[in-house]
Amino acid sequence: MKKKNRPTLAEKADIHELYELSVQCSEAEVDFVADTYRELRAKPARLLREDFCGTANVCCEWVKRRKHNRAIGVDLDKSVLHWGKTHNLSRLKDAERKRIELINADVLRVETESPDIVSAMNFSYWLFKDRNTLKKYFERVHHSLKKDGIFFLDFYGGYDSLHEVEEDREIETDQGSFTYIWEQAEFNPISHDLTCYIHFAFEDGSRLDQAFAYHWRLWTLPEIQDLLRETGFEVTVYWQGWDEDGEPDGEFYPATEADADAGWITYITAEKTA
């Protein structure tokens, strides 16, 4: 009788769990949006809407912070919302779970209660490749926010973002380690169409290639600021600081000038003004 082969680490892996371990830091995101909202509005935010919420990790982190915090998560992918309910919401206390509403819908059409904050992170809004559609999304966010609401986005750039490159990083977990691989696979300088993949490699030599695929437009930061201002927002760019060793320190500060680095990540706040 032929001996059955053991499944590889890649075959046993859960891509959503790998993503949360290697890409998303919900604690840092919530720290920034909560602290910045309080600084700008002199009061705490209570209701956060996470657009393109995926596994709703940020929603979960938000409701854990304060007993009056509530969250709405919106995503078009029903399967990833189901994963979030099963793996993330299930870990919450009953009272916390009741303060989250997950909606399977298109962010261009969804109607929700007016939040204090709308968050669109991990460059997810780049899937809107033409100016009119992205402007429509910003208009929808502006309409949905409370009168003193704030829209939070992130953005990356630098001259390496215009290249076809591959970067890897080792991720340590309690169960072992794996390698996260970010690949900018294709870039069209005429249209700024950008195709990126996330791959994972494991200690036993197995791999998950193209575990996630992104087909974006690589927008420029001035383009995004212009569109936000056209839709009624007051815009501030928050640039990341650096530690004594020249490494990013995870702190972000309002800025109007910055160095032309190879790669950078920034936050954007868009305050509703009208």
# chains A, B, ... in the order shown; residues from 1 in each chain; ligands from 1
>>> closest_atom_pairs(of="stretch 139-207 of chain A", to="stretch 22-39 of chain A", cutoff="12 Å", atoms="only C-alpha atoms", output="tab-separated table")
residue	atom	partner	partner_atom	distance
A:Asp148	CA	A:Tyr37	CA	10.0
A:Gly149	CA	A:Tyr37	CA	8.7
A:Ile150	CA	A:Tyr37	CA	7.3
A:Phe151	CA	A:Val33	CA	9.3
A:Phe152	CA	A:Val33	CA	7.1
A:Leu153	CA	A:Val33	CA	9.7
A:Asp154	CA	A:Glu29	CA	9.8
A:Asp168	CA	A:Ser22	CA	10.6
A:Arg169	CA	A:Ser22	CA	8.5
A:Glu170	CA	A:Ser22	CA	8.8
A:Ile171	CA	A:Ser22	CA	6.5
A:Glu172	CA	A:Ser22	CA	9.3
A:Thr173	CA	A:Ser22	CA	10.1
A:Ser177	CA	A:Ser22	CA	10.8
A:Phe178	CA	A:Ser22	CA	9.4
A:Thr179	CA	A:Ser22	CA	8.9
A:Tyr180	CA	A:Ser22	CA	6.6
A:Ile181	CA	A:Ser22	CA	9.6
A:Trp182	CA	A:Val23	CA	9.9
A:Ile198	CA	A:Val23	CA	9.8
A:His199	CA	A:Ser22	CA	11.0
A:Phe200	CA	A:Ser22	CA	9.8
>>> residues_around(residues="A:Phe138", least_positions_apart="4", cutoff="8 Å", atoms="only C-alpha atoms", output="number ranges by chain")
A: 134, 142, 227-228, 231
>>> write_last_selection(atoms="C-alpha atoms", output="mmCIF file, in the first residue's frame")
data_model
loop_
_atom_site.group_PDB
_atom_site.id
_atom_site.type_symbol
_atom_site.label_atom_id
_atom_site.label_comp_id
_atom_site.auth_asym_id
_atom_site.auth_seq_id
_atom_site.Cartn_x
_atom_site.Cartn_y
_atom_site.Cartn_z
ATOM 1 C CA LEU A 134 -12.630 57.418 -7.747
ATOM 2 C CA HIS A 142 -18.307 62.710 1.948
ATOM 3 C CA LEU A 227 -9.789 64.786 -5.893
ATOM 4 C CA LEU A 228 -10.449 64.930 -2.167
ATOM 5 C CA THR A 231 -15.277 66.629 -3.248
#
>>> residues_around(residues="A:Pro115", least_positions_apart="5", cutoff="7 Å", atoms="only C-alpha atoms", output="CSV table (one decimal) with N, CA and C atoms, in the first residue's frame")
chain,number,residue,atom,x,y,z
A,47,LEU,N,-18.3,55.9,16.1
A,47,LEU,CA,-18.7,55.0,15.0
A,47,LEU,C,-17.7,55.1,13.9
A,48,LEU,N,-17.1,53.9,13.6
A,48,LEU,CA,-16.1,53.8,12.5
A,48,LEU,C,-16.7,52.9,11.4
A,49,ARG,N,-16.5,53.3,10.2
A,49,ARG,CA,-16.9,52.5,9.0
A,49,ARG,C,-15.6,52.1,8.3
A,145,LEU,N,-20.5,60.6,5.7
A,145,LEU,CA,-19.9,61.0,7.0
A,145,LEU,C,-20.8,62.0,7.8
A,146,LYS,N,-20.7,62.0,9.1
A,146,LYS,CA,-21.3,63.0,9.9
A,146,LYS,C,-20.7,64.4,9.5
A,149,GLY,N,-17.2,64.6,10.3
A,149,GLY,CA,-16.5,63.4,10.1
A,149,GLY,C,-15.2,63.5,9.4
>>> residues_around(residues="A:Phe212", least_positions_apart="3", cutoff="9 Å", atoms="only C-alpha atoms", output="JSON, numbers by chain")
{"A": [15, 19, 196, 197, 198, 199, 209]}
>>> write_last_selection(atoms="C-alpha atoms", output="compact mmCIF listing (two decimals), in the first residue's frame")
# COMPACT_ATOMS: atom_id res chain seq x y z
CA ILE A 15 -4.11 32.82 3.40
CA TYR A 19 -2.19 38.19 5.52
CA CYS A 196 0.99 43.21 -7.61
CA TYR A 197 1.03 39.82 -5.95
CA ILE A 198 1.59 38.49 -2.46
CA HIS A 199 3.33 35.11 -2.26
CA ASP A 209 2.18 31.78 -5.21
>>> closest_residue(among="A:Val110, A:Ser144, A:Tyr159, A:Asp14", to="A:His87", atoms="only C-alpha atoms")
A:Asp14
>>> residues_around(residues="A:Glu101", least_positions_apart="6", cutoff="9 Å", atoms="only C-alpha atoms", output="list in words")
Cys59, Arg70, Ala71, Ile72, Gly73 and Val74 of chain A
>>> residues_around(residues="A:Tyr214", least_positions_apart="2", cutoff="10 Å", atoms="only C-alpha atoms", output="ChimeraX atom specification")
/A:123-124,126-127,184-185,194-198,210,212,216-217
